Amino acid sequence: RDLSINRIYFPQEDMERFGVLESDLLKRKTTEAIRELIRSEVDWAEECFKKGNKLPDRLGGSMDTIRRE
């Protein structure tokens with residue numbers, strides 16, 4: 001949906017690093033460069049989650065008690 005209204009959430013510097021252009025994404029054809037870009041973003045997100053897993057222990061208490069407002 002976002003791509004169809006020209007919203008691209010990949011960092012420009014990462015797209016450049018893998019040689020992916022906005023026009024490549026708009027073609028909706030998966031290329032090896034796009035696969036590598038996505039894999040890189042997934043790896044980055046997984047690393048963020050791993051680092052975040054340590055946060056509850058540092059905060060103390062139970063994460064179950066945190067309410068969303």
# chains A, B, ... in the order shown; residues from 1 in each chain; ligands from 1

call {"tool": "residues_around", "arguments": {"residues": "range 33-50 of chain A", "least_positions_apart": "4", "cutoff": "9 Å", "atoms": "only C-alpha atoms", "output": "VMD selection string"}}
result
chain A and resid 10 14 to 15 17 to 20 24 to 25 29 54

call {"tool": "atom_distance", "arguments": {"atom1": "CA of Glu13 in chain A", "atom2": "CA of Arg1 in chain A"}}
result
22.8 Å

call {"tool": "select_by_dssp", "arguments": {"residues": "chain A", "states": "helix (DSSP H, G or I)", "output": "ChimeraX atom specification"}}
result
/A:3-5,12-18,22-26,32-53,55-59,63-65

call {"tool": "closest_atom_pairs", "arguments": {"of": "range 21-63 of chain A", "to": "range 4-7 of chain A", "cutoff": "12 Å", "atoms": "only C-alpha atoms", "output": "Markdown table"}}
result
| residue | atom | partner | partner_atom | distance |
| --- | --- | --- | --- | --- |
| A:Glu22 | CA | A:Asn6 | CA | 8.8 |
| A:Ser23 | CA | A:Asn6 | CA | 10.1 |
| A:Leu25 | CA | A:Asn6 | CA | 9.8 |
| A:Leu26 | CA | A:Ser4 | CA | 7.7 |
| A:Lys27 | CA | A:Ser4 | CA | 10.5 |
| A:Arg28 | CA | A:Ser4 | CA | 10.0 |
